[in-house]
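Peer 1: Pasting a structure here, questions to come.
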Amino acid sequence: MMGSAPATLVIGADGLIGRALVSHLRNAGQNTLATSRRNGDKTMRLDLANVSDTWSPPPGVATAYLCAARTSLRECRDNPAQAHLVNVRGTLAVARRLVDAGTFVVFLSSNLVFDGTEPFVRAEAMPNPQTEYGRMKSEAEAGLLALGDGVGIVRVSKILGPDSPLLGRWRSELHAGHRLFPFRDMVFSPLLLEHVVPLLLAVGEARTSGVVQASGSADISYAEACGRFVECSGKSPLCVQPMSWRDSDADVEYVPKHTTLDSTRAGNLANFIPPDPTGVITALASAGNAPRPH
């Protein structure tokens, strides 16, 4: 470890959020350590599916961000034992050792710990997950909260980045001249990386225990989001043919009515303002259409 400055540890540095956290911290000149389940030049290897009994945190780590997870709903449903090793057992094993070492742990969780029957659900509401992934996140949350004030949980709705698979699929289909068939009866309340990363950092820097939530300001259907994306891409709205998920062959585990969360505490802590979902889609579409540097 370089120098004597307290270090920050990002567990799961090759995922969307972990990668963004590491980039932000290192660009800010902070002493940053990172793990991945793959071997890398700038990461330490840590596989949450197989945490060694001898694993211990690097010395001098003040704050750790737990971003590693199996996030595929299908994978969690079809291979629950393997996903549980990462999302619950490995997560809790690592968190316990970090907390015991005096490290403050920030855990990234999901709105899917709730059933989505109510909008803007409050953080203290009773979890009622309807997917295997949501059940694992809820179990991990309970175990982490039992560790006391050394843990902060950040629950968020769907996070999108310029390279998110959803947007990549829409772009490739449009480029190929195909029509898009988004669901008109499936909703989300998207967030950008630039909303989530500062909130995670604020929770870690303030050592804010308990649960902090963040989501978009409203739900938007995938059909509405796709229509906006196509409009911003300069394509004909006739490319979009909304349909019901019930009429598709999609392998859908559960469809929540709402995905929004009460974000009051995030606003008080980090001046978080729930973004308008149309604005999120517009920003991502515009970023994707911008000229790429050579």
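Residues in the structure tokens are numbered from 1 in each chain, the chains being A, B, ... in the order shown, and ligands are numbered from 1 in the order shown.
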Could you make a table, as JSON lines, of the residues of range 173-230 of chain A that have an atom within 6 Å of an atom of range 236-255 of chain A, each with its nearest atom pair and distance in Å to one decimal, counting only C-alpha atoms, in chain and number order?
Peer 2:
{"residue": "A:Arg179", "atom": "CA", "partner": "A:Cys239", "partner_atom": "CA", "distance": 4.6}
{"residue": "A:Leu180", "atom": "CA", "partner": "A:Val240", "partner_atom": "CA", "distance": 4.9}
{"residue": "A:Phe181", "atom": "CA", "partner": "A:Gln241", "partner_atom": "CA", "distance": 4.9}
{"residue": "A:Pro182", "atom": "CA", "partner": "A:Pro242", "partner_atom": "CA", "distance": 5.2}
{"residue": "A:Phe183", "atom": "CA", "partner": "A:Met243", "partner_atom": "CA", "distance": 5.1}
{"residue": "A:Arg184", "atom": "CA", "partner": "A:Pro242", "partner_atom": "CA", "distance": 5.6}
{"residue": "A:Asp185", "atom": "CA", "partner": "A:Ser244", "partner_atom": "CA", "distance": 5.8}
{"residue": "A:Ala223", "atom": "CA", "partner": "A:Pro242", "partner_atom": "CA", "distance": 5.6}
Peer 1: Take the residues just selected and output them with N, CA and C atoms as a PDB file, in the first residue's frame.
Peer 2:
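Output (again35.pdb):
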ATOM      1  N   ARG A 179     -37.268  -3.363 -36.134  1.00  0.00           N
ATOM      2  CA  ARG A 179     -38.210  -2.723 -35.230  1.00  0.00           C
ATOM      3  C   ARG A 179     -37.935  -3.178 -33.792  1.00  0.00           C
ATOM      4  N   LEU A 180     -38.368  -2.358 -32.849  1.00  0.00           N
ATOM      5  CA  LEU A 180     -38.205  -2.657 -31.431  1.00  0.00           C
ATOM      6  C   LEU A 180     -39.572  -2.963 -30.830  1.00  0.00           C
ATOM      7  N   PHE A 181     -39.610  -3.914 -29.920  1.00  0.00           N
ATOM      8  CA  PHE A 181     -40.874  -4.352 -29.322  1.00  0.00           C
ATOM      9  C   PHE A 181     -40.799  -4.257 -27.795  1.00  0.00           C
ATOM     10  N   PRO A 182     -40.690  -3.046 -27.256  1.00  0.00           N
ATOM     11  CA  PRO A 182     -40.587  -2.878 -25.792  1.00  0.00           C
ATOM     12  C   PRO A 182     -41.927  -3.104 -25.111  1.00  0.00           C
ATOM     13  N   PHE A 183     -41.857  -3.426 -23.822  1.00  0.00           N
ATOM     14  CA  PHE A 183     -43.074  -3.721 -23.071  1.00  0.00           C
ATOM     15  C   PHE A 183     -43.740  -2.427 -22.586  1.00  0.00           C
ATOM     16  N   ARG A 184     -45.020  -2.324 -22.854  1.00  0.00           N
ATOM     17  CA  ARG A 184     -45.776  -1.151 -22.405  1.00  0.00           C
ATOM     18  C   ARG A 184     -46.282  -1.314 -20.984  1.00  0.00           C
ATOM     19  N   ASP A 185     -46.234  -2.542 -20.446  1.00  0.00           N
ATOM     20  CA  ASP A 185     -46.773  -2.821 -19.115  1.00  0.00           C
ATOM     21  C   ASP A 185     -45.685  -3.321 -18.156  1.00  0.00           C
ATOM     22  N   ALA A 223     -41.690   0.858 -22.972  1.00  0.00           N
ATOM     23  CA  ALA A 223     -42.134   1.366 -24.268  1.00  0.00           C
ATOM     24  C   ALA A 223     -41.935   2.874 -24.365  1.00  0.00           C
TER      25      ALA A 223
END
Peer 1: Extract, using only C-alpha atoms, all DNA, RNA and protein residues at most 12 Å from Trp55 in chain A, discarding same-chain residues fewer than 2 positions from it, and format them as a VMD selection string.
Peer 2: chain A and resid 44 to 48 50 to 53 57 to 58 90 93 to 98
Peer 1: Restrict the selected residues to all heavy atoms and save them as a compact mmCIF listing (two decimals), in the first residue's frame.
Peer 2:
# COMPACT_ATOMS: atom_id res chain seq x y z
N MET A 44 -6.96 -6.89 -6.88
CA MET A 44 -6.66 -8.09 -6.11
C MET A 44 -7.77 -9.11 -6.36
O MET A 44 -8.93 -8.73 -6.54
CB MET A 44 -6.60 -7.76 -4.62
CG MET A 44 -5.57 -6.71 -4.25
SD MET A 44 -5.64 -6.29 -2.48
CE MET A 44 -7.23 -5.45 -2.41
N ARG A 45 -7.42 -10.37 -6.38
CA ARG A 45 -8.42 -11.39 -6.66
C ARG A 45 -9.22 -11.72 -5.40
O ARG A 45 -8.65 -12.00 -4.35
CB ARG A 45 -7.78 -12.66 -7.21
CG ARG A 45 -8.81 -13.63 -7.77
CD ARG A 45 -8.17 -14.81 -8.48
NE ARG A 45 -9.17 -15.62 -9.14
CZ ARG A 45 -9.93 -16.55 -8.54
NH1 ARG A 45 -9.75 -16.77 -7.25
NH2 ARG A 45 -10.84 -17.23 -9.20
N LEU A 46 -10.54 -11.66 -5.53
CA LEU A 46 -11.44 -12.06 -4.44
C LEU A 46 -12.72 -12.56 -5.07
O LEU A 46 -13.45 -11.80 -5.71
CB LEU A 46 -11.74 -10.89 -3.50
CG LEU A 46 -12.75 -11.19 -2.38
CD1 LEU A 46 -12.22 -12.28 -1.46
CD2 LEU A 46 -13.05 -9.92 -1.58
N ASP A 47 -12.98 -13.83 -4.91
CA ASP A 47 -14.19 -14.45 -5.44
C ASP A 47 -15.15 -14.71 -4.28
O ASP A 47 -14.87 -15.54 -3.41
CB ASP A 47 -13.84 -15.77 -6.14
CG ASP A 47 -15.04 -16.42 -6.82
OD1 ASP A 47 -16.16 -15.87 -6.70
OD2 ASP A 47 -14.85 -17.47 -7.46
N LEU A 48 -16.25 -13.99 -4.26
CA LEU A 48 -17.20 -14.13 -3.15
C LEU A 48 -17.86 -15.50 -3.11
O LEU A 48 -18.43 -15.89 -2.09
CB LEU A 48 -18.27 -13.04 -3.22
CG LEU A 48 -17.81 -11.60 -2.98
CD1 LEU A 48 -19.01 -10.67 -2.92
CD2 LEU A 48 -16.99 -11.49 -1.70
N ASN A 50 -16.20 -18.13 -3.18
CA ASN A 50 -15.24 -19.03 -2.54
C ASN A 50 -14.29 -18.20 -1.67
O ASN A 50 -13.09 -18.09 -1.95
CB ASN A 50 -14.46 -19.81 -3.59
CG ASN A 50 -13.57 -20.88 -3.00
OD1 ASN A 50 -13.81 -21.38 -1.91
ND2 ASN A 50 -12.51 -21.22 -3.72
N VAL A 51 -14.83 -17.63 -0.60
CA VAL A 51 -14.02 -16.80 0.29
C VAL A 51 -13.22 -17.69 1.22
O VAL A 51 -13.78 -18.49 1.98
CB VAL A 51 -14.91 -15.83 1.11
CG1 VAL A 51 -14.05 -14.99 2.04
CG2 VAL A 51 -15.73 -14.95 0.18
N SER A 52 -11.92 -17.56 1.16
CA SER A 52 -11.05 -18.39 2.00
C SER A 52 -11.24 -18.07 3.48
O SER A 52 -11.49 -16.92 3.87
CB SER A 52 -9.59 -18.16 1.60
OG SER A 52 -8.71 -18.72 2.55
N ASP A 53 -11.09 -19.11 4.31
CA ASP A 53 -11.17 -18.91 5.76
C ASP A 53 -10.04 -18.01 6.26
O ASP A 53 -10.13 -17.45 7.35
CB ASP A 53 -11.10 -20.25 6.48
CG ASP A 53 -12.36 -21.09 6.26
OD1 ASP A 53 -13.41 -20.52 5.91
OD2 ASP A 53 -12.28 -22.32 6.44
N PRO A 57 -8.99 -8.40 5.44
CA PRO A 57 -8.90 -7.15 4.69
C PRO A 57 -7.47 -6.62 4.66
O PRO A 57 -6.70 -6.84 5.60
CB PRO A 57 -9.81 -6.20 5.48
CG PRO A 57 -10.66 -7.07 6.33
CD PRO A 57 -9.85 -8.28 6.63
N PRO A 58 -7.11 -5.92 3.61
CA PRO A 58 -5.80 -5.26 3.60
C PRO A 58 -5.74 -4.26 4.75
O PRO A 58 -6.75 -3.70 5.16
CB PRO A 58 -5.78 -4.53 2.24
CG PRO A 58 -6.82 -5.21 1.42
CD PRO A 58 -7.86 -5.68 2.37
N GLY A 90 -20.95 -15.21 0.80
CA GLY A 90 -19.66 -14.56 0.62
C GLY A 90 -19.70 -13.10 1.02
O GLY A 90 -18.75 -12.57 1.62
N ALA A 93 -19.64 -12.90 4.81
CA ALA A 93 -18.34 -13.32 5.36
C ALA A 93 -17.32 -12.21 5.24
O ALA A 93 -16.59 -11.89 6.20
CB ALA A 93 -17.85 -14.57 4.62
N VAL A 94 -17.28 -11.57 4.07
CA VAL A 94 -16.33 -10.47 3.86
C VAL A 94 -16.70 -9.27 4.70
O VAL A 94 -15.84 -8.61 5.32
CB VAL A 94 -16.28 -10.12 2.36
CG1 VAL A 94 -15.56 -8.79 2.13
CG2 VAL A 94 -15.58 -11.23 1.58
N ALA A 95 -17.99 -8.96 4.77
CA ALA A 95 -18.43 -7.79 5.53
C ALA A 95 -18.10 -7.94 7.01
O ALA A 95 -17.67 -6.97 7.66
CB ALA A 95 -19.93 -7.58 5.34
N ARG A 96 -18.30 -9.11 7.57
CA ARG A 96 -18.00 -9.32 8.99
C ARG A 96 -16.53 -9.04 9.28
O ARG A 96 -16.19 -8.38 10.28
CB ARG A 96 -18.34 -10.76 9.39
CG ARG A 96 -19.83 -11.05 9.47
CD ARG A 96 -20.08 -12.43 10.08
NE ARG A 96 -21.45 -12.84 9.84
CZ ARG A 96 -21.83 -13.71 8.90
NH1 ARG A 96 -20.92 -14.25 8.13
NH2 ARG A 96 -23.10 -14.03 8.75
N ARG A 97 -15.67 -9.52 8.42
CA ARG A 97 -14.23 -9.33 8.65
C ARG A 97 -13.83 -7.88 8.47
O ARG A 97 -12.96 -7.37 9.18
CB ARG A 97 -13.43 -10.25 7.72
CG ARG A 97 -13.69 -11.73 8.03
CD ARG A 97 -12.98 -12.66 7.08
NE ARG A 97 -13.72 -13.93 6.99
CZ ARG A 97 -13.36 -14.94 6.23
NH1 ARG A 97 -12.25 -14.87 5.49
NH2 ARG A 97 -14.08 -16.04 6.19
N LEU A 98 -14.47 -7.20 7.55
CA LEU A 98 -14.20 -5.78 7.37
C LEU A 98 -14.65 -4.98 8.59
O LEU A 98 -13.90 -4.14 9.12
CB LEU A 98 -14.91 -5.27 6.11
CG LEU A 98 -14.29 -5.67 4.77
CD1 LEU A 98 -15.30 -5.46 3.65
CD2 LEU A 98 -13.03 -4.87 4.49
Peer 1: Step one, run DSSP on the backbone; step two, keep only residues of range 118-228 of chain A assigned to strand (DSSP E or B); then write them as a PyMOL selection string.
Peer 2: chain A and resi 121+151-156+159-160+180+183+187-188+191-192+210-214+220-221
Peer 1: Could those selected residues go to a file with N, CA, C and O atoms, as a PDB file, in the first residue's frame?
Peer 2:
ATOM      1  N   VAL A 121     -41.800   3.659  -1.832  1.00  0.00           N
ATOM      2  CA  VAL A 121     -41.827   2.896  -0.582  1.00  0.00           C
ATOM      3  C   VAL A 121     -40.715   3.393   0.333  1.00  0.00           C
ATOM      4  O   VAL A 121     -39.610   3.714  -0.096  1.00  0.00           O
ATOM      5  N   VAL A 151     -22.147  -0.462   9.079  1.00  0.00           N
ATOM      6  CA  VAL A 151     -22.633  -0.770   7.734  1.00  0.00           C
ATOM      7  C   VAL A 151     -23.679   0.246   7.297  1.00  0.00           C
ATOM      8  O   VAL A 151     -24.576   0.606   8.063  1.00  0.00           O
ATOM      9  N   GLY A 152     -23.560   0.693   6.046  1.00  0.00           N
ATOM     10  CA  GLY A 152     -24.587   1.509   5.409  1.00  0.00           C
ATOM     11  C   GLY A 152     -25.072   0.798   4.155  1.00  0.00           C
ATOM     12  O   GLY A 152     -24.278   0.232   3.402  1.00  0.00           O
ATOM     13  N   ILE A 153     -26.373   0.799   3.952  1.00  0.00           N
ATOM     14  CA  ILE A 153     -26.966   0.132   2.791  1.00  0.00           C
ATOM     15  C   ILE A 153     -27.558   1.190   1.870  1.00  0.00           C
ATOM     16  O   ILE A 153     -28.308   2.077   2.316  1.00  0.00           O
ATOM     17  N   VAL A 154     -27.219   1.106   0.597  1.00  0.00           N
ATOM     18  CA  VAL A 154     -27.766   2.028  -0.405  1.00  0.00           C
ATOM     19  C   VAL A 154     -28.640   1.222  -1.349  1.00  0.00           C
ATOM     20  O   VAL A 154     -28.144   0.444  -2.169  1.00  0.00           O
ATOM     21  N   ARG A 155     -29.952   1.388  -1.222  1.00  0.00           N
ATOM     22  CA  ARG A 155     -30.915   0.721  -2.106  1.00  0.00           C
ATOM     23  C   ARG A 155     -31.210   1.635  -3.288  1.00  0.00           C
ATOM     24  O   ARG A 155     -31.554   2.809  -3.099  1.00  0.00           O
ATOM     25  N   VAL A 156     -31.127   1.086  -4.484  1.00  0.00           N
ATOM     26  CA  VAL A 156     -31.354   1.899  -5.672  1.00  0.00           C
ATOM     27  C   VAL A 156     -32.247   1.158  -6.654  1.00  0.00           C
ATOM     28  O   VAL A 156     -32.358  -0.069  -6.637  1.00  0.00           O
ATOM     29  N   ILE A 159     -30.009   1.036 -12.589  1.00  0.00           N
ATOM     30  CA  ILE A 159     -28.940   1.964 -12.954  1.00  0.00           C
ATOM     31  C   ILE A 159     -28.562   1.723 -14.410  1.00  0.00           C
ATOM     32  O   ILE A 159     -28.315   0.587 -14.826  1.00  0.00           O
ATOM     33  N   LEU A 160     -28.515   2.786 -15.182  1.00  0.00           N
ATOM     34  CA  LEU A 160     -28.144   2.696 -16.593  1.00  0.00           C
ATOM     35  C   LEU A 160     -26.867   3.480 -16.856  1.00  0.00           C
ATOM     36  O   LEU A 160     -26.675   4.570 -16.311  1.00  0.00           O
ATOM     37  N   LEU A 180     -38.368  -2.358 -32.849  1.00  0.00           N
ATOM     38  CA  LEU A 180     -38.205  -2.657 -31.431  1.00  0.00           C
ATOM     39  C   LEU A 180     -39.572  -2.963 -30.830  1.00  0.00           C
ATOM     40  O   LEU A 180     -40.566  -2.311 -31.175  1.00  0.00           O
ATOM     41  N   PHE A 183     -41.857  -3.426 -23.822  1.00  0.00           N
ATOM     42  CA  PHE A 183     -43.074  -3.721 -23.071  1.00  0.00           C
ATOM     43  C   PHE A 183     -43.740  -2.427 -22.586  1.00  0.00           C
ATOM     44  O   PHE A 183     -43.094  -1.586 -21.967  1.00  0.00           O
ATOM     45  N   VAL A 187     -42.387  -1.431 -15.994  1.00  0.00           N
ATOM     46  CA  VAL A 187     -41.863  -0.095 -15.717  1.00  0.00           C
ATOM     47  C   VAL A 187     -40.531  -0.159 -14.977  1.00  0.00           C
ATOM     48  O   VAL A 187     -40.162  -1.186 -14.401  1.00  0.00           O
ATOM     49  N   PHE A 188     -39.849   0.980 -14.983  1.00  0.00           N
ATOM     50  CA  PHE A 188     -38.640   1.167 -14.185  1.00  0.00           C
ATOM     51  C   PHE A 188     -38.476   2.648 -13.920  1.00  0.00           C
ATOM     52  O   PHE A 188     -39.146   3.484 -14.532  1.00  0.00           O
ATOM     53  N   LEU A 191     -31.801   5.396 -12.989  1.00  0.00           N
ATOM     54  CA  LEU A 191     -30.788   6.303 -12.461  1.00  0.00           C
ATOM     55  C   LEU A 191     -29.556   6.230 -13.351  1.00  0.00           C
ATOM     56  O   LEU A 191     -29.306   5.213 -14.007  1.00  0.00           O
ATOM     57  N   LEU A 192     -28.772   7.300 -13.357  1.00  0.00           N
ATOM     58  CA  LEU A 192     -27.493   7.325 -14.043  1.00  0.00           C
ATOM     59  C   LEU A 192     -26.367   7.030 -13.054  1.00  0.00           C
ATOM     60  O   LEU A 192     -26.521   7.220 -11.844  1.00  0.00           O
ATOM     61  N   GLY A 210     -27.397   2.276   8.503  1.00  0.00           N
ATOM     62  CA  GLY A 210     -28.793   2.097   8.137  1.00  0.00           C
ATOM     63  C   GLY A 210     -28.977   2.114   6.632  1.00  0.00           C
ATOM     64  O   GLY A 210     -28.059   1.845   5.867  1.00  0.00           O
ATOM     65  N   VAL A 211     -30.189   2.453   6.204  1.00  0.00           N
ATOM     66  CA  VAL A 211     -30.560   2.355   4.790  1.00  0.00           C
ATOM     67  C   VAL A 211     -30.792   3.735   4.192  1.00  0.00           C
ATOM     68  O   VAL A 211     -31.496   4.566   4.773  1.00  0.00           O
ATOM     69  N   VAL A 212     -30.198   3.965   3.031  1.00  0.00           N
ATOM     70  CA  VAL A 212     -30.422   5.165   2.227  1.00  0.00           C
ATOM     71  C   VAL A 212     -30.936   4.693   0.870  1.00  0.00           C
ATOM     72  O   VAL A 212     -30.378   3.753   0.289  1.00  0.00           O
ATOM     73  N   GLN A 213     -31.986   5.328   0.363  1.00  0.00           N
ATOM     74  CA  GLN A 213     -32.609   4.883  -0.881  1.00  0.00           C
ATOM     75  C   GLN A 213     -32.549   5.962  -1.950  1.00  0.00           C
ATOM     76  O   GLN A 213     -32.553   7.160  -1.636  1.00  0.00           O
ATOM     77  N   ALA A 214     -32.547   5.519  -3.218  1.00  0.00           N
ATOM     78  CA  ALA A 214     -32.571   6.461  -4.338  1.00  0.00           C
ATOM     79  C   ALA A 214     -33.218   5.800  -5.546  1.00  0.00           C
ATOM     80  O   ALA A 214     -32.949   4.638  -5.857  1.00  0.00           O
ATOM     81  N   ILE A 220     -41.442   4.830 -15.520  1.00  0.00           N
ATOM     82  CA  ILE A 220     -41.670   4.991 -16.948  1.00  0.00           C
ATOM     83  C   ILE A 220     -41.718   3.592 -17.548  1.00  0.00           C
ATOM     84  O   ILE A 220     -40.975   2.698 -17.124  1.00  0.00           O
ATOM     85  N   SER A 221     -42.605   3.370 -18.500  1.00  0.00           N
ATOM     86  CA  SER A 221     -42.653   2.055 -19.124  1.00  0.00           C
ATOM     87  C   SER A 221     -41.467   1.891 -20.069  1.00  0.00           C
ATOM     88  O   SER A 221     -40.897   2.877 -20.570  1.00  0.00           O
TER      89      SER A 221
END
Peer 1: Find, counting only C-alpha atoms, the residue in A:Tyr133, A:Arg19, A:Glu124, A:Arg89 that gets nearest to Arg74 in chain A.
Peer 2: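 The shortest atom-to-atom distance to Arg74 in chain A comes from A:Tyr133.
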Peer 1: List the spatial neighbours of range 271-279 of chain A as number ranges by chain - criterion: any atom at most 8 Å away, only C-alpha atoms, same-chain residues fewer than 4 positions off excluded.
Peer 2: A: 189-191, 195, 199, 214-220, 225, 228, 263, 266-267, 283
Peer 1: Just to confirm, what's the straight-line distance from CA of Leu85 in chain A to CA of Val106 in chain A in Å (one decimal)?
Peer 2: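 These atoms are spaced 19.1 Å apart.
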Peer 1: Rank nothing, just name the residue among A:Thr264, A:Ser286, A:Thr131, A:Ser209 nearest to Cys232 in chain A, using only C-alpha atoms.
Peer 2: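 Looking at the shortest contact to Cys232 in chain A, the residue is A:Ser286.
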Peer 1: May I have a table of the residues of range 81-115 of chain A lying at most 10 Å from range 125-130 of chain A, giving each one's closest pair of atoms and their distance in Å to one decimal, counting only C-alpha atoms, ordered by chain and ascending residue number, as a tab-separated table?
Peer 2:
residue	atom	partner	partner_atom	distance
A:Asn111	CA	A:Pro129	CA	9.0
A:Leu112	CA	A:Pro129	CA	6.0
A:Val113	CA	A:Pro129	CA	4.5
A:Phe114	CA	A:Asn128	CA	4.7
A:Asp115	CA	A:Pro129	CA	5.3
Peer 1: Considering only C-alpha atoms, can you say which of A:Gln82, A:Ala69, A:Leu147, A:His175 comes closest to Gly134 in chain A?
Peer 2: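 Comparing A:Gln82, A:Ala69, A:Leu147, A:His175 against Gly134 in chain A, the winner is A:Ala69.
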Peer 1: I need the residue nearest Thr259 in chain A from this list: A:Glu132, A:Gly116, A:Ala146, A:Lys137. Use only C-alpha atoms for the distance.
Peer 2: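 Ranked by minimum distance to Thr259 in chain A, first place goes to A:Gly116.
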Peer 1: Skip range 27-34 of chain A itself and residues of its chain fewer than 2 positions away, then list as a PyMOL selection string all residues within 12 Å of it, counting only C-alpha atoms.
Peer 2: chain A and resi 1-15+18-25+36-46+57-68
Peer 1: Looking at only C-alpha atoms, which of A:Tyr222, A:Arg135, A:Leu145, A:Arg77 is the one that sits closest to Met186 in chain A?
Peer 2: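 Comparing A:Tyr222, A:Arg135, A:Leu145, A:Arg77 against Met186 in chain A, the winner is A:Tyr222.
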Peer 1: Write down as a PyMOL selection string the residues of range 43-234 of chain A whose backbone DSSP state falls under alpha helix (DSSP H).
Peer 2: chain A and resi 73-78+80-84+91-100+132-145+165-175+193-206+222-232
Peer 1: Using the selection just defined, write its residues with C-alpha atoms as an mmCIF file, in the first residue's frame.
Peer 2:
data_model
loop_
_atom_site.group_PDB
_atom_site.id
_atom_site.type_symbol
_atom_site.label_atom_id
_atom_site.label_comp_id
_atom_site.auth_asym_id
_atom_site.auth_seq_id
_atom_site.Cartn_x
_atom_site.Cartn_y
_atom_site.Cartn_z
ATOM 1 C CA LEU A 73 -32.518 -12.394 -12.172
ATOM 2 C CA ARG A 74 -32.553 -15.467 -14.384
ATOM 3 C CA GLU A 75 -29.240 -16.736 -13.030
ATOM 4 C CA CYS A 76 -30.383 -16.258 -9.436
ATOM 5 C CA ARG A 77 -33.614 -18.104 -10.133
ATOM 6 C CA ASP A 78 -32.090 -20.942 -12.154
ATOM 7 C CA PRO A 80 -29.946 -20.161 -6.593
ATOM 8 C CA ALA A 81 -27.352 -22.128 -4.632
ATOM 9 C CA GLN A 82 -24.445 -20.727 -6.628
ATOM 10 C CA ALA A 83 -25.855 -17.182 -6.603
ATOM 11 C CA HIS A 84 -26.476 -17.416 -2.847
ATOM 12 C CA THR A 91 -20.942 -11.020 1.021
ATOM 13 C CA LEU A 92 -21.616 -11.495 4.733
ATOM 14 C CA ALA A 93 -18.342 -13.322 5.355
ATOM 15 C CA VAL A 94 -16.328 -10.474 3.860
ATOM 16 C CA ALA A 95 -18.432 -7.788 5.530
ATOM 17 C CA ARG A 96 -17.997 -9.317 8.988
ATOM 18 C CA ARG A 97 -14.230 -9.335 8.653
ATOM 19 C CA LEU A 98 -14.197 -5.779 7.369
ATOM 20 C CA VAL A 99 -16.373 -4.514 10.224
ATOM 21 C CA ASP A 100 -14.286 -6.430 12.750
ATOM 22 C CA GLU A 132 -34.917 -14.929 -6.034
ATOM 23 C CA TYR A 133 -32.461 -12.058 -6.529
ATOM 24 C CA GLY A 134 -34.614 -9.808 -4.348
ATOM 25 C CA ARG A 135 -34.787 -12.478 -1.651
ATOM 26 C CA MET A 136 -31.005 -12.756 -1.628
ATOM 27 C CA LYS A 137 -30.579 -8.996 -1.371
ATOM 28 C CA SER A 138 -33.096 -8.894 1.481
ATOM 29 C CA GLU A 139 -31.295 -11.699 3.332
ATOM 30 C CA ALA A 140 -27.948 -9.966 2.845
ATOM 31 C CA GLU A 141 -29.387 -6.674 4.102
ATOM 32 C CA ALA A 142 -30.677 -8.317 7.275
ATOM 33 C CA GLY A 143 -27.311 -9.919 7.972
ATOM 34 C CA LEU A 144 -25.452 -6.689 7.346
ATOM 35 C CA LEU A 145 -27.748 -4.572 9.515
ATOM 36 C CA PRO A 165 -27.051 -4.034 -22.314
ATOM 37 C CA LEU A 166 -30.565 -2.622 -22.720
ATOM 38 C CA LEU A 167 -29.355 0.437 -24.611
ATOM 39 C CA GLY A 168 -26.832 -1.587 -26.574
ATOM 40 C CA ARG A 169 -29.593 -3.889 -27.746
ATOM 41 C CA TRP A 170 -31.778 -0.970 -28.810
ATOM 42 C CA ARG A 171 -28.874 0.642 -30.675
ATOM 43 C CA SER A 172 -27.906 -2.527 -32.504
ATOM 44 C CA GLU A 173 -31.485 -3.266 -33.527
ATOM 45 C CA LEU A 174 -31.960 0.264 -34.840
ATOM 46 C CA HIS A 175 -28.647 0.123 -36.696
ATOM 47 C CA LEU A 193 -24.055 6.424 -12.729
ATOM 48 C CA GLU A 194 -23.566 10.099 -11.916
ATOM 49 C CA HIS A 195 -26.502 9.889 -9.496
ATOM 50 C CA VAL A 196 -25.398 6.708 -7.729
ATOM 51 C CA VAL A 197 -21.621 7.100 -7.384
ATOM 52 C CA PRO A 198 -21.771 10.404 -5.424
ATOM 53 C CA LEU A 199 -24.433 8.942 -3.137
ATOM 54 C CA LEU A 200 -22.355 5.867 -2.367
ATOM 55 C CA LEU A 201 -19.332 8.050 -1.657
ATOM 56 C CA ALA A 202 -21.375 10.359 0.583
ATOM 57 C CA VAL A 203 -22.609 7.404 2.653
ATOM 58 C CA GLY A 204 -19.062 6.099 2.988
ATOM 59 C CA GLU A 205 -17.484 9.444 3.834
ATOM 60 C CA ALA A 206 -20.113 10.277 6.450
ATOM 61 C CA TYR A 222 -40.024 0.407 -21.267
ATOM 62 C CA ALA A 223 -42.134 1.366 -24.268
ATOM 63 C CA GLU A 224 -42.075 5.057 -23.312
ATOM 64 C CA ALA A 225 -38.352 4.912 -22.629
ATOM 65 C CA CYS A 226 -37.680 3.191 -25.928
ATOM 66 C CA GLY A 227 -39.795 5.750 -27.780
ATOM 67 C CA ARG A 228 -37.755 8.567 -26.283
ATOM 68 C CA PHE A 229 -34.511 6.771 -27.076
ATOM 69 C CA VAL A 230 -35.546 6.302 -30.706
ATOM 70 C CA GLU A 231 -36.634 9.937 -30.984
ATOM 71 C CA CYS A 232 -33.265 11.152 -29.661
#
Peer 1: So how many Å separate CA of Asn268 in chain A and CA of Thr208 in chain A, to one decimal?
Peer 2: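 Those two atoms sit 11.7 Å apart.
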Peer 1: Tell me, in Å to one decimal, how far CA of Asn87 in chain A is from CA of Pro162 in chain A.
Peer 2: 25.4 Å
Peer 1: Select, from A:Gly161, A:Gly177, A:Gly150, A:Gly102, the residue with the minimum atom-to-atom distance to Leu16 in chain A, counting only C-alpha atoms.
Peer 2: A:Gly161
